[in-house]
Amino acid sequence: MGITDPTDRRSRTDRTAPGARPTRAFDPRATSALTRIRSERVRNLVRGALAPDTPRAFRTTMERLHRECDAADARVVAEILGGSLLARYRPIGEAFPVDASSEADAPYFESSSLDVELEAQRRRLAPEQGRIVDAVGRLAVLNGALLGDDRELADREIRSFVEDFGATLTVAWKAASARSAGEEKAREFGTPALAPFLSPRRSVLLAAFEDTTDRERNYLQARRSFIGFARRGALDPTEASLVVDLLSPLTTDSFGHARRLQAFGRRGVVDTVAFMFRMERMLRRDATSADADRVLAALPPEVVSVWRQAFVDLEPSRLQDFVGREDQFADLKLFAHLPAWSEYGNLLDHRLAVESAIGERLDGVKPVLRDASSFAAPVSDAATLLGSAPRGPVNVEGDGFQRTIALVAAASGGELRMEDGEELGHLLDRTIDVPHLLSVEEIERLLPARRPDALYEYYRLVLLNDADPNPTRNHAVRRALQRVLRERHDGDVVGFMRSVDSDRGHVSDHLYELLSEPFLTSLYEIYEHADDVLEAQTRLLEWQGSRRNDSDAMMRARSHRLLIRLRRVRGAIESTRIYVDPLRLFDWLVGALSEDLKALAPFAEDIIADEDRSTSLTDAVRTAVQPRAKLLRLIDRAYHEFCTNRVHGAASFIARRIRHGTLHGHLSVEIAPTVEQAAAEFAESAPDFSAHLRGWMRRFDAAVLALASDRMHVRSKEKPRGLIVATIDDPEKSLVANATVLRIAMVLRDTTQVVTPIAIILDDCWLLFEVDLRRSREAFEKLRSDFVIEVGQRFATGRPDVDARMSQTILELNGLVDQRFEIAKSWLTRPTNFNPSASVSLLVNAVIDEVSQRYPFKAPLIDIPEDADLDLIGHRFHLVYDALFVLVVNAAKYCRLGTRPRISARRRDDDERFIRLEIEIASSIESAEVGDRFRRIEEEMTADVDDAMEIDKESGLRKVRCIVEEVEEVVGFDWRRDGQDVAFTLSMRYLRS
Amino acid sequence: MTVPGDGLSLAPAVLLVEDDAFKQKELEAALMELMPLAKVSIGRSVKQALALLGERIYDLIVLDMALPSHEVRPTAAQPMSQPSGGVELLLELAYEDRSDPVIIVTQYPEIEFDGRFYALPQFARAFGKKASANLRGAVYFNVLDDGWRAELRRLAP
């Protein structure tokens, strides 16, 4: 309805000055038209709208008009207000907008009636009939090109569609669907359609579709995240309506359709029309045919006719060919893409049937009101569920998602009959997200306890704990798993995983995520020592690496193996006061951030180009939608974990220092006897001073305890005075955070491997943490200055010897306290042993130790002077180990009998920025083999290295050459021959710290 | 597997779970004053304490909260620090439906449980909402203040 807002400052037509009171004058034509309005209330409201007292009154009047007009009056009202000189406010979008902005600031009427909105659209669409007809035809051609996999044609069609009909969500979602479909993401595909929704910022309407169809993301989580934004009011009302329509189209109140039409009305006409056809189908499905007919009547007749011809039902397999169907959850993948293909009535019906059955559960709405049995009749035994899954209105390939709906439907009944734990495992393998779709009560009803069956109990408890985690359930899960491991797999967790994976790959993926180091650590019945836990975790990583070809897991496993080996060679116990456990934190970060980091890789260029420098994280929508803000959010999560993790983060260090009383002990308990001794010494000669010292000690002790309990904490609601602020949303941290964002984006541009970006995050967490450490040191200094013992002449006795001793005592006590504070402050600095590190000699000895277990050879001569025995630091130093290993193995295998290889290290050509180091591995070769060996070395040192990391047929020299390319610090790998001797040299360059 | 306490013996069985040598010495001395005939078993890690818990039922368990997961051994992997490791023992007692009396003795005024910090007097109630154990109370241990001895005496069975 073209309606009037005299205060609207965005009006495109003539208007009164902003804020000026509108003229109270009726257009004579309007006065006559008023008589055609049947409802007296509506008539009065129109009068009020034409002559408003205040902007607020106008707004209220319009809200009521939108709500109360029926179909017949709506048309007359629209004519009156549309023709009025005061009709400056038009809450409808341009017909064919060139950009994606909507009239977001225009008043949005929550309780507008469908009649009013239909009338507005009828008037808006009619003049555009010709172009809309054209657009519908072109949309059909585009669909044909996409579904026929003619990308070239599709690309052309998208370009010309955007040129002719502007920015539309309809085509943008289709382009996004194409981008995320198939095996490889076509990064550049459909850019003209998507660009308006990416610039100046990524639109939430595009992000919601992209994230829910992203194969790296869980559909349920992505959907809940965006629906949550809409329901919590984090989006403007128009966007909220559109997001809900996109992801959860079944409306729940009588104004829902009108609200969405109002929202689509602010978009171009193509989106409006596409929505109106969708709405018409939904209304007809809900047996509200009269409403559906009214929707059709509001559409231009020729548009209806062309649309009907263009979009008949589509065979689902054609769309599945397009989006891909890589596993048993192809039905879920199709479902996630369906919002972009709603023109096809049969597919829309299928989507609505699923939504009707479990839409609320997919949204995480509680309590659930709808019954899933509308999609699948409830069954009472697992065998039936494991048989053919319900099909729904159309025959979709893949059945995991639809079986899940059937399982949800079964939850409305009683217990699910089941053979045993194996069968439950199969059922979980062939369903998805069950604990997030069912409540604890439903799971307990469906799967009552069955103590004798360890495996069944384990799966049941995992479901319950995932549905609603708490310490008791977590403990019960661990007890159950230990029982399974003992009874069925001889305590071998990898054996258990192999067994599960053999026929339940989906379940084994889930279990792999669960089996983190903290979880394994708490399997106390299984692992006798911490070493056993580390070994089990390393084997799990190796298994995952080979099973899923997961290079990140392989690299982590190699790090673990090397650290186990180094620890053995080191031969000394490590400090029990390690600050932040680098390996454990690194593992946690890989586990927690990998998926999201990989998902950001396609946006790396956008992040680099983004000129925004804000590190604010207060806008939840922004941090879920904008790539740079998303990366900031990930860094924030990492930093939060770095600070707060009570097992391997800085909080663990704080807890040990504080909770174990070290701070209190060090600052207070240990000086108390000295203070008491001084007080006793002056008890008679200067009793006031003696009492003062005792009082000082009491106050100081209380202040130290308060510092420990109130301030040496991560700041939180419970600890508002905590000194550690575990977020990057802190002005003092923005410089580092921005640099981190850029460094990570530059790595992600070249690779989706996450080990390097996570190493960068971990390194930079220390730089961020320095801000918090500085605050903490300042608090220590403040406490120190508050408790300097200064008594002046207050306690002077007039006896020179006593007063002199008193001065000396004060001096000594202050010195003692100073010393204590200096030490305590030194705890609050970056430790030197944070990064995984090893000295050159340690690495060499560890390599020799490992090689000697495989090849009998004479112990090498080692020549590593002190200045060359550098600590190699960083997450990739194990690659240096690998290179050394290859070279020492070669020396061991081909060394002339009776001779010893020689390993030396030298500092060479250091400069102001870099320390340069050369490690040489030399050996003599049997004279009979010299020619052949040198020829082979020559070949390997010049051969192509593309596949060197995969094959290991030769000596491994090609692998070393690859490592040189991969590790920034290794700058050269050369060899030379001298008679029967051969020497390989690794050249390294380290930035001076 | 647990076996009942030696009903015929007069020596009460006490399990002291504590990894800090100084605090352990102080607590042992206090316990001997309280229960001169007690046979005190010491657990220095969660793993060790759970093993001792499995051996028998105790007349009293004195429990520190912050514990290493496993014993510290030379050249071995670092055990994981468990700031609320003592909770594991309470959960185990609850799981086994045991009623061994437990007194927590900690150097920290709060205990973290289920993602929240609870002041010592509130902890037993918070734990009781999730699981059932015979938790008699929690004592704040401050070496400069002997109050903890009196509190231990008050809570001991």
# chains A, B, ... in the order shown; residues from 1 in each chain; ligands from 1

call {"tool": "closest_atom_pairs", "arguments": {"of": "chain B", "to": "chain A", "cutoff": "8 Å", "atoms": "only C-alpha atoms", "output": "Markdown table"}}
result
| residue | atom | partner | partner_atom | distance |
| --- | --- | --- | --- | --- |
| B:Asp20 | CA | A:His660 | CA | 8.0 |
| B:Lys47 | CA | A:Tyr524 | CA | 5.7 |
| B:Leu50 | CA | A:Tyr524 | CA | 7.8 |
| B:Ala66 | CA | A:Arg659 | CA | 7.5 |
| B:Ser69 | CA | A:Thr521 | CA | 7.0 |
| B:His70 | CA | A:His529 | CA | 5.8 |
| B:Glu71 | CA | A:His529 | CA | 7.0 |
| B:Arg73 | CA | A:Ile573 | CA | 7.3 |
| B:Pro74 | CA | A:Ile573 | CA | 4.6 |
| B:Thr75 | CA | A:Ile573 | CA | 5.0 |
| B:Ala76 | CA | A:Asp531 | CA | 6.0 |
| B:Ala77 | CA | A:Asp531 | CA | 5.0 |
| B:Gln78 | CA | A:Ala530 | CA | 6.5 |
| B:Pro79 | CA | A:Ala530 | CA | 5.1 |
| B:Met80 | CA | A:Val647 | CA | 6.7 |
| B:Ser81 | CA | A:Val647 | CA | 5.7 |
| B:Gln82 | CA | A:Val647 | CA | 6.1 |
| B:Pro83 | CA | A:Arg646 | CA | 6.6 |
| B:Glu88 | CA | A:His475 | CA | 7.9 |
| B:Leu91 | CA | A:Thr472 | CA | 6.5 |
| B:Glu92 | CA | A:His475 | CA | 7.9 |
| B:Tyr95 | CA | A:Ala476 | CA | 7.5 |
| B:Gln107 | CA | A:Arg659 | CA | 5.9 |
| B:Tyr108 | CA | A:Arg659 | CA | 5.1 |
| B:Pro109 | CA | A:Ser709 | CA | 7.3 |
| B:Asp114 | CA | A:Pro471 | CA | 6.1 |
| B:Phe117 | CA | A:Glu718 | CA | 7.7 |
| B:Lys130 | CA | A:Thr472 | CA | 6.6 |
| B:Ala131 | CA | A:Thr472 | CA | 6.6 |
| B:Val143 | CA | A:Val669 | CA | 7.3 |
| B:Leu144 | CA | A:Val669 | CA | 6.6 |

call {"tool": "residues_around", "arguments": {"residues": "region 921-925 of chain A", "least_positions_apart": "3", "cutoff": "7 Å", "atoms": "only C-alpha atoms", "output": "number ranges by chain"}}
result
A: 887, 891, 894-896, 900-904, 929-930, 980-985

call {"tool": "select_by_dssp", "arguments": {"residues": "region 71-154 of chain B", "states": "helix (DSSP H, G or I)", "output": "ChimeraX atom specification"}}
result
/B:85-95,120-130,147-154

call {"tool": "residues_around", "arguments": {"residues": "Leu811 (chain A)", "least_positions_apart": "6", "cutoff": "12 Å", "atoms": "only C-alpha atoms", "output": "PyMOL selection string"}}
result
chain A and resi 678+788-791+804-805+817-818
